[in-house]
Amino acid sequence: MSSSHTGHAMPNKHRISSGTRSGHALLFARNFFRHPRMLGSIVPSSRFLIKQLLEPVDWAQARVIVEYGPGVGSITTEILRRMRPDASLIAIETNPEFVCFLRSSTEDERLQVVEASAESVVEILRQHGHEKASYIISGIPFSTISAPLRERILRKTCSVLEPHGSFLVYQFSTRVLQDLQRIFRYVRHRFEPLNVLPAHLFFCRPDTVSAASPLNGACRDYGADAATPGSQIRPTGPTPPPIRSGSGRGSGR
Ligand SMILES: C[S@@+](CC[C@H](N)C(=O)[O-])C[C@H]1O[C@@H](n2cnc3c(N)ncnc32)[C@H](O)[C@@H]1O
């Protein structure tokens, strides 16, 4: 799907607009020097990374979208631009300065910014009247958070995705891969060089999809099928249908 144009028309007042691009970058960089491990990068994501990260999303189907670690809203803005008028976006961010910035810089009623850790995704979804999410999009630096916290976040993420849902992740290393493969049944890896730092993108599904093996939305059992150390990045289980290019409508997923 070309990401620039399947978006639903949206008046300017609904976009994250406060300040200039360089102002956003300064706010981000200042916070990087305070919390380098929590941010993982000194500048927000590039448009190349955002385009590739959001490419698999079927915007016509996505009703509930969750974003982990929105920062100054570079990805958030693009999600809002593309998502349905009746869809909801819940952005979960631990940094109070970013939360404050995001809340004050958009009037879009589809966006709820929650100051919390992604670890609380189950409770946060419930508080907003949802049991499941269509997509969860993550920018949190999994390689610099503790292994137990990473495990809890990934397990809860998998458990709250709809059967056709997907977890879209970008990282600056492939360290999280083994955890993703242990928890999700399908993991696809891509790479985006045009970003500071160059990024690895992972597209994960709780279960695989095929005509012979309909979705049941099951995450992998805890601890089962641990990835072999040093194994190649690979899909697990039957191969799902290809991610479509072109319009986001009428996904076969
Ligand atoms: C690399 S920055 C991503 C910023 C933005 N998504 C972008 O692409 O420019 C990582 C963000 O994740 C946030 N973060 C880190 N750990 C988190 C957690 N456990 N839950 C929610 N947000 C978290 C950080 O505060 C930071 O804003």
# chains A, B, ... in the order shown; residues from 1 in each chain; ligands from 1
call {"tool": "residues_near_ligand", "arguments": {"ligand": "ligand 1", "cutoff": "6 Å", "atoms": "only C-alpha atoms and all ligand atoms", "output": "count of residues only"}}
result
21
call {"tool": "residues_around", "arguments": {"residues": "A:Ala62", "least_positions_apart": "2", "cutoff": "10 Å", "atoms": "only C-alpha atoms", "output": "list in words"}}
result
Val57, Asp58, Trp59, Ala60, Val64, Ile65, Met83, Arg84, Asp86, Ala87, Ser88, Leu89, Ala133, Ser134, Tyr135, His164, Gly165 and Gly248 of chain A
call {"tool": "select_by_dssp", "arguments": {"residues": "stretch 46-112 of chain A", "states": "helix (DSSP H, G or I)", "output": "list in words"}}
result
Arg47, Phe48, Leu49, Ile50, Lys51, Gln52, Leu53, Leu54, Ser74, Ile75, Thr76, Thr77, Glu78, Ile79, Leu80, Arg81, Arg82, Pro96, Glu97, Phe98, Val99, Cys100, Phe101, Leu102, Arg103 and Ser104 of chain A
call {"tool": "write_last_selection", "arguments": {"atoms": "C-alpha atoms", "output": "PDB file, in the first residue's frame"}}
result
ATOM      1  CA  ARG A  47       9.582   9.679   6.755  1.00  0.00           C
ATOM      2  CA  PHE A  48      11.181   6.682   5.006  1.00  0.00           C
ATOM      3  CA  LEU A  49      10.975   4.598   8.155  1.00  0.00           C
ATOM      4  CA  ILE A  50       7.419   5.714   8.868  1.00  0.00           C
ATOM      5  CA  LYS A  51       6.302   4.921   5.325  1.00  0.00           C
ATOM      6  CA  GLN A  52       7.737   1.428   5.409  1.00  0.00           C
ATOM      7  CA  LEU A  53       6.557   0.740   8.962  1.00  0.00           C
ATOM      8  CA  LEU A  54       2.938   1.643   8.156  1.00  0.00           C
ATOM      9  CA  SER A  74       6.084  11.700  14.105  1.00  0.00           C
ATOM     10  CA  ILE A  75       4.378   8.353  13.555  1.00  0.00           C
ATOM     11  CA  THR A  76       1.209   9.395  15.388  1.00  0.00           C
ATOM     12  CA  THR A  77       0.587  12.169  12.861  1.00  0.00           C
ATOM     13  CA  GLU A  78       0.848   9.765   9.962  1.00  0.00           C
ATOM     14  CA  ILE A  79      -1.431   7.219  11.622  1.00  0.00           C
ATOM     15  CA  LEU A  80      -4.053   9.933  12.196  1.00  0.00           C
ATOM     16  CA  ARG A  81      -3.722  11.064   8.609  1.00  0.00           C
ATOM     17  CA  ARG A  82      -4.430   7.587   7.264  1.00  0.00           C
ATOM     18  CA  PRO A  96       5.456  13.054  30.777  1.00  0.00           C
ATOM     19  CA  GLU A  97       6.958  15.830  28.665  1.00  0.00           C
ATOM     20  CA  PHE A  98       6.019  14.029  25.446  1.00  0.00           C
ATOM     21  CA  VAL A  99       2.556  13.247  26.847  1.00  0.00           C
ATOM     22  CA  CYS A 100       2.004  16.919  27.632  1.00  0.00           C
ATOM     23  CA  PHE A 101       3.284  17.964  24.216  1.00  0.00           C
ATOM     24  CA  LEU A 102       1.065  15.502  22.353  1.00  0.00           C
ATOM     25  CA  ARG A 103      -2.043  16.414  24.336  1.00  0.00           C
ATOM     26  CA  SER A 104      -1.539  20.105  23.742  1.00  0.00           C
TER      27      SER A 104
END
call {"tool": "residues_around", "arguments": {"residues": "A:Ile183", "least_positions_apart": "3", "cutoff": "8 Å", "atoms": "only C-alpha atoms", "output": "ChimeraX atom specification"}}
result
/A:154-155,158,179-180,206,219-222
call {"tool": "write_last_selection", "arguments": {"atoms": "N, CA and C atoms", "output": "compact mmCIF listing (two decimals), in the first residue's frame"}}
result
# COMPACT_ATOMS: atom_id res chain seq x y z
N LEU A 154 5.57 -7.91 25.44
CA LEU A 154 5.32 -8.68 24.21
C LEU A 154 4.17 -9.67 24.41
N ARG A 155 4.13 -10.32 25.56
CA ARG A 155 3.05 -11.28 25.82
C ARG A 155 1.69 -10.58 25.84
N CYS A 158 0.61 -9.50 22.34
CA CYS A 158 0.09 -10.62 21.55
C CYS A 158 -1.33 -10.98 21.99
N ASP A 179 12.77 -13.01 20.88
CA ASP A 179 11.57 -12.89 21.71
C ASP A 179 10.31 -12.83 20.84
N LEU A 180 10.39 -12.08 19.76
CA LEU A 180 9.24 -11.98 18.86
C LEU A 180 8.89 -13.36 18.29
N PRO A 206 -0.12 -12.79 15.70
CA PRO A 206 -0.28 -13.83 16.71
C PRO A 206 -0.36 -15.20 16.08
N CYS A 219 -1.57 -16.89 20.42
CA CYS A 219 -0.16 -16.57 20.55
C CYS A 219 0.55 -17.88 20.86
N ARG A 220 1.87 -17.90 20.68
CA ARG A 220 2.60 -19.10 21.05
C ARG A 220 2.52 -19.32 22.55
N ASP A 221 2.61 -20.61 22.94
CA ASP A 221 2.59 -20.89 24.38
C ASP A 221 3.82 -20.31 25.03
N TYR A 222 3.67 -19.95 26.28
CA TYR A 222 4.79 -19.36 27.00
C TYR A 222 5.98 -20.31 26.98
call {"tool": "closest_residue", "arguments": {"among": "A:His200, A:Arg63, A:Arg126, A:Arg34", "to": "A:Val169", "atoms": "only C-alpha atoms"}}
result
A:His200
call {"tool": "closest_residue", "arguments": {"among": "A:Pro198, A:Arg150, A:Glu123, A:Lys156", "to": "A:Gln178", "atoms": "only C-alpha atoms"}}
result
A:Arg150
call {"tool": "closest_residue", "arguments": {"among": "A:Arg175, A:Arg185, A:Arg190, A:Lys132", "to": "A:Cys204", "atoms": "only C-alpha atoms"}}
result
A:Arg185
call {"tool": "select_by_dssp", "arguments": {"residues": "stretch 6-214 of chain A", "states": "strand (DSSP E or B)", "output": "PyMOL selection string"}}
result
chain A and resi 64-68+88-93+111-115+133-138+161-171+186-192+199-205
call {"tool": "write_last_selection", "arguments": {"atoms": "C-alpha atoms", "output": "PDB file, in the first residue's frame"}}
result
ATOM      1  CA  VAL A  64      -8.551   0.281  17.168  1.00  0.00           C
ATOM      2  CA  ILE A  65      -4.882   1.181  16.841  1.00  0.00           C
ATOM      3  CA  VAL A  66      -2.399   1.398  19.705  1.00  0.00           C
ATOM      4  CA  GLU A  67       0.954   3.161  19.476  1.00  0.00           C
ATOM      5  CA  TYR A  68       3.706   2.505  22.016  1.00  0.00           C
ATOM      6  CA  SER A  88      -9.463   5.145  17.649  1.00  0.00           C
ATOM      7  CA  LEU A  89      -5.775   5.659  18.307  1.00  0.00           C
ATOM      8  CA  ILE A  90      -4.463   5.102  21.826  1.00  0.00           C
ATOM      9  CA  ALA A  91      -0.896   6.364  22.273  1.00  0.00           C
ATOM     10  CA  ILE A  92       0.907   5.016  25.346  1.00  0.00           C
ATOM     11  CA  GLU A  93       3.967   6.989  26.422  1.00  0.00           C
ATOM     12  CA  LEU A 111      -6.429  10.235  19.643  1.00  0.00           C
ATOM     13  CA  GLN A 112      -6.112   9.417  23.346  1.00  0.00           C
ATOM     14  CA  VAL A 113      -2.675   9.935  24.869  1.00  0.00           C
ATOM     15  CA  VAL A 114      -2.095   7.858  27.991  1.00  0.00           C
ATOM     16  CA  GLU A 115       0.857   8.402  30.328  1.00  0.00           C
ATOM     17  CA  ALA A 133      -6.640  -3.899  19.003  1.00  0.00           C
ATOM     18  CA  SER A 134      -6.405  -4.181  15.220  1.00  0.00           C
ATOM     19  CA  TYR A 135      -2.796  -2.951  15.126  1.00  0.00           C
ATOM     20  CA  ILE A 136      -0.160  -2.174  17.701  1.00  0.00           C
ATOM     21  CA  ILE A 137       2.689  -0.014  16.422  1.00  0.00           C
ATOM     22  CA  SER A 138       5.777   0.206  18.575  1.00  0.00           C
ATOM     23  CA  LEU A 161      -4.406  -8.321  19.188  1.00  0.00           C
ATOM     24  CA  GLU A 162      -7.460  -9.244  17.141  1.00  0.00           C
ATOM     25  CA  PRO A 163      -7.138 -12.565  15.262  1.00  0.00           C
ATOM     26  CA  HIS A 164      -6.279 -10.604  12.108  1.00  0.00           C
ATOM     27  CA  GLY A 165      -4.264  -8.074  14.067  1.00  0.00           C
ATOM     28  CA  SER A 166      -0.616  -7.213  13.634  1.00  0.00           C
ATOM     29  CA  PHE A 167       2.233  -5.880  15.734  1.00  0.00           C
ATOM     30  CA  LEU A 168       4.500  -3.487  13.823  1.00  0.00           C
ATOM     31  CA  VAL A 169       7.843  -2.845  15.455  1.00  0.00           C
ATOM     32  CA  TYR A 170      10.957  -0.890  14.566  1.00  0.00           C
ATOM     33  CA  GLN A 171      14.272  -1.295  16.352  1.00  0.00           C
ATOM     34  CA  TYR A 186       4.645 -15.130  12.146  1.00  0.00           C
ATOM     35  CA  VAL A 187       7.522 -12.645  12.119  1.00  0.00           C
ATOM     36  CA  ARG A 188       8.753 -10.853   9.008  1.00  0.00           C
ATOM     37  CA  HIS A 189      11.883  -8.708   8.968  1.00  0.00           C
ATOM     38  CA  ARG A 190      12.646  -5.677   6.800  1.00  0.00           C
ATOM     39  CA  PHE A 191      15.362  -3.025   6.909  1.00  0.00           C
ATOM     40  CA  GLU A 192      15.228   0.744   6.402  1.00  0.00           C
ATOM     41  CA  ALA A 199      16.233   0.534  11.454  1.00  0.00           C
ATOM     42  CA  HIS A 200      15.013  -3.052  11.502  1.00  0.00           C
ATOM     43  CA  LEU A 201      11.270  -3.434  11.011  1.00  0.00           C
ATOM     44  CA  PHE A 202       9.368  -6.453  12.259  1.00  0.00           C
ATOM     45  CA  PHE A 203       5.852  -7.363  11.202  1.00  0.00           C
ATOM     46  CA  CYS A 204       4.345  -9.875  13.637  1.00  0.00           C
ATOM     47  CA  ARG A 205       1.071 -11.740  13.850  1.00  0.00           C
TER      48      ARG A 205
END
